[in-house]
Structure formats: C-alpha cells, structure tokens
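Shown here: my_file_16.cif, mmCIF, C-alpha atoms.
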```cif
data_protein
loop_
_atom_site.label_atom_id
_atom_site.label_comp_id
_atom_site.auth_asym_id
_atom_site.auth_seq_id
_atom_site.Cartn_x
_atom_site.Cartn_y
_atom_site.Cartn_z
CA MET U 24 1.28 -3.65 -46.49
CA VAL U 25 -2.40 -3.28 -47.37
CA SER U 26 -3.28 0.13 -48.82
CA GLN U 27 -6.32 2.13 -47.70
CA GLU U 28 -8.00 1.47 -51.03
CA GLN U 29 -7.38 -2.29 -50.75
CA ARG U 30 -8.69 -2.24 -47.18
CA ARG U 31 -11.78 -0.34 -48.31
CA LYS U 32 -12.47 -2.90 -51.02
CA GLN U 33 -11.93 -5.77 -48.59
CA LEU U 34 -14.40 -4.28 -46.11
CA ALA U 35 -16.90 -3.73 -48.91
CA ARG U 36 -16.60 -7.37 -49.99
CA GLU U 37 -17.07 -8.56 -46.40
CA LYS U 38 -20.14 -6.36 -46.02
CA PHE U 39 -21.56 -7.71 -49.28
CA LEU U 40 -20.95 -11.29 -48.15
CA ARG U 41 -22.70 -10.64 -44.83
CA GLN U 42 -25.70 -9.18 -46.67
CA GLN U 43 -25.83 -12.20 -48.96
CA GLN U 44 -25.68 -14.56 -45.98
CA ARG U 45 -28.54 -12.74 -44.26
CA ARG U 46 -30.64 -12.87 -47.44
CA GLU U 47 -29.94 -16.58 -47.89
CA ALA U 48 -30.85 -17.26 -44.26
CA ALA U 49 -34.15 -15.41 -44.78
CA ARG U 50 -34.82 -17.44 -47.95
CA ARG U 51 -34.14 -20.68 -46.05
CA ARG U 52 -36.62 -19.67 -43.37
CA ARG U 53 -39.27 -18.98 -46.00
CA ARG U 54 -38.56 -22.27 -47.78
CA ALA U 55 -38.80 -24.17 -44.48
CA ARG U 56 -42.13 -22.49 -43.72
CA ASN U 57 -43.50 -23.34 -47.14
CA ALA U 58 -42.31 -26.92 -46.83
CA VAL U 59 -44.48 -27.25 -43.75
CA ILE U 60 -47.40 -25.82 -45.69
CA ALA U 61 -46.70 -28.19 -48.57
CA GLY U 62 -46.74 -31.17 -46.22
CA ALA U 63 -50.36 -30.42 -45.42
CA LEU U 64 -51.66 -29.52 -48.88
CA ALA U 65 -55.25 -30.41 -48.06
CA VAL U 66 -57.57 -28.11 -46.18
CA ILE U 67 -57.70 -30.19 -43.01
CA VAL U 68 -60.99 -30.13 -41.17
CA ALA U 69 -60.37 -32.50 -38.28
CA GLY U 70 -57.26 -33.34 -36.37
CA GLY U 71 -55.26 -30.12 -36.42
CA ALA U 72 -54.32 -26.98 -38.25
CA VAL U 73 -55.56 -26.18 -41.73
CA SER U 74 -53.00 -25.64 -44.53
CA TYR U 75 -53.10 -25.05 -48.25
CA ALA U 76 -50.96 -25.36 -51.36
CA ALA U 77 -47.16 -25.53 -51.46
CA GLY U 78 -45.44 -22.18 -51.83
CA ALA U 79 -48.67 -20.29 -51.30
CA PHE U 80 -47.08 -17.66 -49.06
CA ASP U 81 -43.59 -17.43 -50.60
CA ASP U 82 -42.87 -13.87 -51.71
CA GLY U 83 -39.99 -14.88 -53.98
CA GLY U 84 -37.48 -12.92 -51.94
CA SER U 85 -39.07 -9.54 -52.61
CA LYS U 86 -39.27 -8.53 -48.95
CA SER U 87 -36.36 -6.96 -47.08
CA ASP U 88 -34.26 -9.03 -44.69
CA ASP U 89 -35.68 -7.12 -41.74
CA ALA U 90 -39.25 -7.90 -42.84
CA ALA U 91 -38.38 -11.57 -43.34
CA ALA U 92 -36.83 -11.79 -39.88
CA ASP U 93 -39.78 -10.09 -38.17
CA PRO U 94 -42.88 -10.24 -40.42
CA THR U 95 -45.47 -9.47 -37.72
CA PRO U 96 -46.99 -6.03 -38.33
CA SER U 97 -48.89 -3.94 -35.81
CA LYS U 98 -52.47 -5.10 -35.52
CA PRO U 99 -54.90 -2.78 -37.35
CA LYS U 100 -58.14 -1.54 -35.91
CA ASP U 101 -60.94 -4.09 -35.95
CA PRO U 102 -63.37 -2.96 -38.70
CA CYS U 103 -66.27 -5.08 -37.41
CA ARG U 104 -68.77 -4.64 -34.63
CA LYS U 105 -69.22 -6.78 -31.53
CA ALA U 106 -70.97 -10.11 -31.85
CA ALA U 107 -74.64 -10.44 -30.96
CA PRO U 108 -75.43 -12.08 -27.62
CA GLY U 109 -75.61 -15.86 -27.76
CA LYS U 110 -73.57 -19.03 -27.67
CA VAL U 111 -72.62 -21.71 -30.16
CA LYS U 112 -74.85 -24.78 -29.94
CA PRO U 113 -72.85 -27.97 -29.19
CA LEU U 114 -74.52 -30.03 -31.92
CA SER U 115 -73.37 -33.35 -33.37
CA PHE U 116 -75.16 -35.81 -35.64
CA LYS U 117 -74.50 -39.48 -36.28
CA LYS U 118 -75.08 -39.47 -40.04
CA GLU U 119 -75.56 -37.28 -43.04
CA PRO U 120 -79.14 -35.98 -43.33
CA LYS U 121 -81.44 -37.53 -45.88
CA LEU U 122 -81.59 -35.61 -49.15
CA ALA U 123 -84.57 -33.29 -48.77
CA ILE U 124 -83.85 -30.33 -51.04
CA ASP U 125 -85.24 -29.82 -54.52
CA LYS U 126 -82.25 -30.11 -56.88
CA SER U 127 -84.07 -28.12 -59.55
CA ALA U 128 -84.79 -25.17 -57.24
CA ALA U 129 -82.69 -22.13 -56.39
CA TYR U 130 -81.31 -21.83 -52.84
CA ALA U 131 -79.41 -19.05 -51.13
CA MET U 132 -77.59 -18.88 -47.80
CA LYS U 133 -77.31 -15.62 -45.89
CA LEU U 134 -74.56 -15.13 -43.33
CA SER U 135 -75.40 -12.21 -41.07
CA THR U 136 -71.94 -11.44 -39.69
CA THR U 137 -70.41 -8.82 -37.44
CA CYS U 138 -68.70 -7.40 -40.54
CA GLY U 139 -71.82 -7.26 -42.73
CA ASP U 140 -74.22 -9.58 -44.52
CA ILE U 141 -72.87 -12.10 -47.01
CA ASP U 142 -75.37 -13.60 -49.45
CA ILE U 143 -74.35 -16.84 -51.16
CA ASP U 144 -76.12 -18.37 -54.13
CA LEU U 145 -76.06 -22.16 -53.61
CA ASP U 146 -75.67 -24.65 -56.45
CA ALA U 147 -78.20 -27.34 -55.57
CA ALA U 148 -78.05 -28.93 -59.03
CA LYS U 149 -74.28 -29.58 -59.05
CA ALA U 150 -73.67 -30.05 -55.32
CA PRO U 151 -76.98 -31.35 -53.95
CA ARG U 152 -75.65 -33.24 -50.93
CA THR U 153 -73.47 -30.32 -49.86
CA VAL U 154 -76.34 -27.84 -50.19
CA ASN U 155 -78.67 -30.28 -48.45
CA SER U 156 -76.22 -30.59 -45.55
CA PHE U 157 -76.02 -26.82 -45.09
CA ASP U 158 -79.79 -26.50 -45.34
CA PHE U 159 -80.04 -29.07 -42.54
CA LEU U 160 -77.30 -27.60 -40.33
CA VAL U 161 -78.39 -23.98 -40.74
CA ASN U 162 -81.98 -24.82 -39.83
CA LYS U 163 -80.63 -26.43 -36.64
CA GLY U 164 -78.77 -23.23 -35.78
CA TYR U 165 -75.40 -24.94 -36.21
CA LEU U 166 -73.58 -21.90 -37.66
CA ASP U 167 -75.11 -19.29 -35.37
CA HIS U 168 -72.54 -17.43 -33.21
CA THR U 169 -69.62 -19.31 -34.80
CA ARG U 170 -66.40 -17.46 -35.58
CA CYS U 171 -64.66 -17.51 -38.96
CA HIS U 172 -61.36 -18.73 -37.62
CA ARG U 173 -58.86 -18.50 -40.47
CA LEU U 174 -57.70 -16.01 -43.09
CA THR U 175 -55.02 -16.68 -45.70
CA ALA U 176 -53.34 -14.29 -48.11
CA GLY U 177 -50.91 -14.75 -50.97
CA THR U 178 -51.39 -17.47 -53.55
CA VAL U 179 -54.42 -18.66 -51.58
CA ASN U 180 -56.81 -15.89 -50.48
CA VAL U 181 -59.68 -17.25 -48.43
CA LEU U 182 -61.70 -16.77 -45.27
CA GLN U 183 -62.57 -20.05 -43.57
CA CYS U 184 -65.70 -20.51 -41.48
CA GLY U 185 -68.10 -23.22 -40.32
CA ASP U 186 -66.23 -24.60 -37.30
CA PRO U 187 -68.21 -24.33 -34.04
CA LYS U 188 -64.99 -24.92 -32.11
CA GLY U 189 -63.11 -22.17 -33.92
CA THR U 190 -59.95 -24.28 -33.97
CA GLY U 191 -60.04 -26.02 -37.36
CA GLU U 192 -61.10 -29.28 -35.71
CA GLY U 193 -64.88 -28.96 -35.53
CA THR U 194 -67.21 -31.27 -37.47
CA PRO U 195 -70.96 -31.94 -37.48
CA GLY U 196 -70.26 -35.60 -36.67
CA TYR U 197 -70.66 -36.85 -40.24
CA SER U 198 -68.92 -36.46 -43.59
CA ILE U 199 -70.29 -35.66 -47.02
CA PRO U 200 -68.86 -36.64 -50.42
CA ASP U 201 -66.90 -34.41 -52.76
CA GLU U 202 -69.06 -32.94 -55.51
CA ASN U 203 -68.71 -30.71 -58.56
CA LEU U 204 -64.90 -31.04 -58.77
CA LYS U 205 -65.05 -30.74 -62.56
CA ASP U 206 -66.79 -27.37 -62.45
CA LYS U 207 -65.72 -25.32 -65.47
CA ARG U 208 -64.98 -22.34 -63.22
CA LEU U 209 -61.98 -24.17 -61.72
CA ARG U 210 -59.78 -23.86 -64.80
CA GLY U 211 -56.01 -23.72 -64.43
CA ASN U 212 -56.16 -24.80 -60.77
CA VAL U 213 -57.72 -21.49 -59.81
CA TYR U 214 -60.72 -20.93 -57.54
CA PRO U 215 -62.02 -17.54 -58.71
CA ALA U 216 -62.95 -14.74 -56.35
CA GLY U 217 -66.46 -15.19 -54.96
CA THR U 218 -66.31 -19.00 -54.93
CA VAL U 219 -67.54 -20.77 -51.80
CA ALA U 220 -66.12 -24.27 -51.36
CA MET U 221 -65.79 -27.06 -48.82
CA ALA U 222 -62.78 -27.76 -46.66
CA ASN U 223 -61.78 -31.41 -46.33
CA ARG U 224 -59.00 -33.79 -45.23
CA TYR U 225 -57.79 -34.77 -48.70
CA LYS U 226 -54.01 -35.03 -49.11
CA ALA U 227 -52.79 -34.93 -52.68
CA ASP U 228 -49.45 -36.58 -51.87
CA THR U 229 -51.11 -39.76 -50.59
CA LYS U 230 -54.37 -39.37 -52.53
CA LYS U 231 -56.25 -40.19 -49.35
CA GLY U 232 -59.05 -38.31 -47.63
CA ARG U 233 -61.64 -37.98 -50.34
CA ASP U 234 -65.28 -37.46 -49.32
CA THR U 235 -64.39 -35.94 -45.94
CA GLY U 236 -66.29 -32.66 -46.07
CA GLY U 237 -68.06 -31.64 -42.88
CA SER U 238 -69.26 -28.17 -41.97
CA GLN U 239 -66.16 -26.07 -42.65
CA PHE U 240 -66.08 -24.00 -45.82
CA PHE U 241 -64.07 -21.19 -47.30
CA LEU U 242 -64.97 -18.00 -49.13
CA VAL U 243 -62.52 -16.88 -51.81
CA TYR U 244 -62.01 -13.10 -51.67
CA GLN U 245 -59.39 -13.05 -54.45
CA ASP U 246 -58.47 -15.57 -57.16
CA SER U 247 -56.65 -18.44 -55.44
CA GLN U 248 -54.26 -21.07 -56.78
CA LEU U 249 -55.67 -24.41 -55.59
CA PRO U 250 -56.13 -27.81 -57.22
CA PRO U 251 -59.78 -28.81 -57.86
CA ASP U 252 -60.04 -30.93 -54.71
CA TYR U 253 -62.58 -28.87 -52.77
CA THR U 254 -66.30 -28.93 -53.57
CA PRO U 255 -67.45 -25.57 -54.99
CA PHE U 256 -71.07 -25.20 -53.93
CA GLY U 257 -71.86 -21.50 -53.96
CA THR U 258 -70.99 -17.99 -55.08
CA VAL U 259 -70.88 -14.79 -53.03
CA SER U 260 -73.11 -12.08 -54.50
CA ALA U 261 -71.09 -9.37 -56.24
CA SER U 262 -72.42 -6.64 -53.95
CA ASP U 263 -71.24 -8.52 -50.84
CA MET U 264 -67.67 -9.07 -51.99
CA LYS U 265 -66.92 -5.73 -50.31
CA VAL U 266 -67.52 -7.40 -46.94
CA LEU U 267 -64.89 -10.04 -47.70
CA LYS U 268 -62.49 -7.35 -48.93
CA LYS U 269 -62.94 -5.42 -45.67
CA ILE U 270 -62.10 -8.53 -43.66
CA ALA U 271 -59.10 -9.31 -45.86
CA THR U 272 -57.76 -5.75 -45.66
CA ALA U 273 -57.61 -6.00 -41.86
CA GLY U 274 -55.20 -8.90 -42.29
CA GLU U 275 -54.47 -11.89 -40.07
CA SER U 276 -52.83 -12.29 -36.69
CA THR U 277 -49.45 -13.83 -37.58
CA GLY U 278 -48.34 -11.41 -40.27
CA GLY U 279 -47.19 -14.43 -42.28
CA GLY U 280 -50.28 -14.78 -44.45
CA ASP U 281 -52.04 -17.55 -42.53
CA GLY U 282 -53.79 -17.11 -39.20
CA ALA U 283 -56.84 -15.87 -37.35
CA PRO U 284 -58.44 -12.78 -38.92
CA ASN U 285 -57.70 -9.48 -37.20
CA ALA U 286 -61.33 -8.62 -37.88
CA THR U 287 -63.83 -10.14 -35.46
CA VAL U 288 -65.78 -12.24 -37.98
CA VAL U 289 -68.68 -13.92 -36.21
CA ILE U 290 -71.75 -15.36 -37.92
CA ASP U 291 -74.51 -13.99 -35.70
CA LYS U 292 -77.17 -15.78 -37.73
CA ALA U 293 -77.24 -18.00 -40.80
CA THR U 294 -80.32 -18.73 -42.91
CA VAL U 295 -81.05 -20.77 -46.04
CA ARG U 296 -83.99 -19.88 -48.25
CA LYS U 297 -85.53 -21.53 -51.28
CA SER U 298 -86.77 -19.37 -54.14
#
```

As a first step, turn the structure in this file into structure tokens.
Amino acid sequence: MVSQEQRRKQLAREKFLRQQQRREAARRRRRARNAVIAGALAVIVAGGAVSYAAGAFDDGGSKSDDAAADPTPSKPKDPCRKAAPGKVKPLSFKKEPKLAIDKSAAYAMKLSTTCGDIDIDLDAAKAPRTVNSFDFLVNKGYLDHTRCHRLTAGTVNVLQCGDPKGTGEGTPGYSIPDENLKDKRLRGNVYPAGTVAMANRYKADTKKGRDTGGSQFFLVYQDSQLPPDYTPFGTVSASDMKVLKKIATAGESTGGGDGAPNATVVIDKATVRKS
C-alpha cells in the first residue's frame, strides 16, 4: 500500500514532469519561430515579408510558460500624432537615376514624421549611388505620406521605412548596388545604434540577391546583430535618437518582436539638402 508521503512525492514528481513538458513545448515553439526567421535571413524588399537574422528574437527561455504561450501584450497608447493630409504618390521608374550628386559634398535627409523630425547625415563619399537614389526619389516626393511599416526588437532593433505600399513589397522600379559593406563601423557583425542602412533581397544561405536595394531602408535604434550585407549610408543625428526610442518603446503589433509599429509612424514630408 502506498503511504501518504510516497503519494505526495509521486504527485510532486508528476507535477514537475508536467511543468518540464510545458517548458519544452514553449521552447519548441520559439525554436520553430526562429527557424522561420532564419530561413529568410535577408531583409527582403520585394516578394513578401521581411525577416532578419537567425535567433534574433529568441529569449533563451527566460520568459514564463504563460508568456511564451500568449506573448501578445495589450496595445499601448499611440505616442504620435495623426498624419498630415495627403496620399502616397504611385511612382515607378524604369532605371536607376544618373549619378548627379557631388560625392565630395555633405548631404542630409530630413524625415518629418508624425512622431517627430529625424535628421540623417548621408554618406555621399562611401555610398554615392545610394545617396543619389534617395536624392532623386525624395525630390520626386516618393517618400511623402509613406508609413514606416515594420519594427523589430531583440537581437535586431530597427524601424523599417521607405515602402510606398506599406507591405514590405514596394520598390521604385529599379535596383541599386550594395555599397560600403566594409565600413569600419560594422565590426563584429553589429550595426550600431543610429545607423541607417538599405534593405535588400540578399540571402546568405544561397549567396544570391546582391545589389537588390530599392527604396526601403532601416533605422537602427539600438545596436543590432546583423552581418555586413546591408549598405550603411547614413547616421541619425544624436538629438533625434529620442524619436526612434519613443517609437521603439511603444512596441510592435504582434508582441513577438517583429511586426507593424504600434506608433503611427508616417513620413509626412522628406527632404534632402546639400551643405
């Protein structure tokens, strides 16, 4: 006959085993999610969703089982104002614009957004064709009224913008080459906070998709673990990093670290100036 003490120990073991099974199931769900992310390492511009590095959103099992099973938090209050009146221009161009900028001059791009102004110093010397493309597109009004459609958090911490469709599939109709991939700032496979870089269709596993930049770009609001596959072409001014932090603090829509920003981030007006 089983004693009360033996029964108590048996029940305790069974409870422990159930807890371990739930934790392992949660870990498997996270690993499966990260495997999907790993399968699309490149920042895809055309043809579907945009994904980043393998394991970027894995918390290493630090969250509770309940959080792992239902990670979607309540949506915080939108910290940004309403967008200015206007519509996105449906623009498309057959080929990359002719190089017209002065590579020895200083250029800056200003994004007047619903969350605040973001000034970006552009690197015309190291990424002339990328800067030239943005100078061309911005002067055509290509970025005006476009929504920054994606926010990631975890190992990769970026806000992605530049898609007139707001789906991750928009392009200007042409591609530009990768530039400045050996920039000394990208040491240790880290894009430092404040970096502005191009999205593209490069896939490291197949080594295909080079030179596929379009109009989509990302702004790094916190140091991000990424291989040097994405053209760094600008830097957010130190004083405007607070705007990115405000957007990041509001989080993203899925609660899983990769989705549409909860903040309404719309570029009301973009300008490029030469100084």

What lies within 10 Å of Ala261 in chain U using all atoms listed in the file, ignoring chain neighbours under 4 positions off, as a compact mmCIF listing (two decimals) with C-alpha atoms, in the coordinates of the input?
```
# COMPACT_ATOMS: atom_id res chain seq x y z
CA ILE U 141 -72.87 -12.10 -47.01
CA ASP U 142 -75.37 -13.60 -49.45
CA ILE U 143 -74.35 -16.84 -51.16
CA ALA U 216 -62.95 -14.74 -56.35
CA GLY U 217 -66.46 -15.19 -54.96
CA LYS U 265 -66.92 -5.73 -50.31
```

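Distance check against Lys100 in chain U using only C-alpha atoms: of U:Lys121, U:Lys112, U:Lys269, U:Lys230, the minimum falls on U:Lys269.
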
### Task
Would you list the contacts of Pro284 in chain U as a list in words, taking every protein, DNA or RNA residue within 7 Å and counting all atoms listed in the file, but skipping same-chain residues closer than 3 positions in sequence?
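Non-adjacent residues within range: His172, Arg173, Leu174, Gly274, Glu275, Ser276 and Thr287 of chain U.
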
### Query
Can you list what the PyMOL selection byres ((chain U and resi 185) around 8) grabs from this structure, as a PyMOL selection string?
chain U and resi 166+169-171+183-184+186-187+238-240

### Distance query Pro120 in chain U at most 10 Å, all atoms listed in the file, self and fewer than 3 positions along chain excluded, as a count of residues only
12

### Task
For Pro102 in chain U, list every protein, DNA or RNA residue within 12 Å, evaluated using only C-alpha atoms, and leave out those in the same chain fewer than 3 positions away; present the list as a list of chain:residue names.
U:Lys98, U:Pro99, U:Lys105, U:Thr137, U:Cys138, U:Gly139, U:Val266, U:Leu267, U:Lys268, U:Lys269, U:Ile270, U:Ala271, U:Thr272, U:Ala273, U:Gly274, U:Pro284, U:Asn285, U:Ala286, U:Thr287, U:Val288

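Across the model, the gap from CA of Gly279 in chain U to CA of Gly189 in chain U is 19.6 Å.
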
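Between Gly109 in chain U and the residues U:Pro151, U:Gly237, U:Gly257, U:Gly164, the shortest atom-to-atom distance, using all atoms listed in the file, involves U:Gly164.
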
Selection under test: the PyMOL selection byres ((chain U and resi 128-131) around 6); residues as a PDB file with C-alpha atoms, in the frame of the given file:
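Result saved to expr22.pdb:
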```pdb
ATOM      1  CA  ASP U 125     -85.240 -29.820 -54.520  1.00  0.00           C
ATOM      2  CA  LYS U 126     -82.250 -30.110 -56.880  1.00  0.00           C
ATOM      3  CA  SER U 127     -84.070 -28.120 -59.550  1.00  0.00           C
ATOM      4  CA  MET U 132     -77.590 -18.880 -47.800  1.00  0.00           C
ATOM      5  CA  ILE U 143     -74.350 -16.840 -51.160  1.00  0.00           C
ATOM      6  CA  ASP U 144     -76.120 -18.370 -54.130  1.00  0.00           C
ATOM      7  CA  LEU U 145     -76.060 -22.160 -53.610  1.00  0.00           C
ATOM      8  CA  VAL U 295     -81.050 -20.770 -46.040  1.00  0.00           C
ATOM      9  CA  ARG U 296     -83.990 -19.880 -48.250  1.00  0.00           C
ATOM     10  CA  LYS U 297     -85.530 -21.530 -51.280  1.00  0.00           C
ATOM     11  CA  SER U 298     -86.770 -19.370 -54.140  1.00  0.00           C
TER      12      SER U 298
END
```

### Query
From the set U:Gly280, U:Gly177, U:Pro200, U:Gly193, which residue has the shortest atom-to-atom contact distance to Asp252 in chain U, counting all atoms listed in the file?
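Among U:Gly280, U:Gly177, U:Pro200, U:Gly193, it is U:Pro200 that comes nearest to Asp252 in chain U.
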
### Task
For CA of Asp201 in chain U and CA of Asp291 in chain U, determine how far apart the two atoms are, in Å to one decimal place.
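Going from CA of Asp201 in chain U over to CA of Asp291 in chain U, I get 27.7 Å.
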
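Pairwise distance (CA of Ser247 in chain U, CA of Tyr214 in chain U) equals 5.2 Å.
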
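Of the residues under consideration (U:Thr136, U:Gln44, U:Asn223, U:Thr277), U:Asn223 shows the shortest atom-to-atom contact distance to Gly236 in chain U when counting all atoms listed in the file.
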
### Summary
Gly196 in chain U proximity check over U:Ala147, U:Val181, U:Leu114, U:Met221, using only C-alpha atoms: winner is U:Leu114

## Note on the structure
The residue from U:Thr294, U:Thr218, U:Ser260, U:Ser115 with the smallest atom-to-atom distance to Leu182 in chain U, counting only C-alpha atoms, is U:Thr218
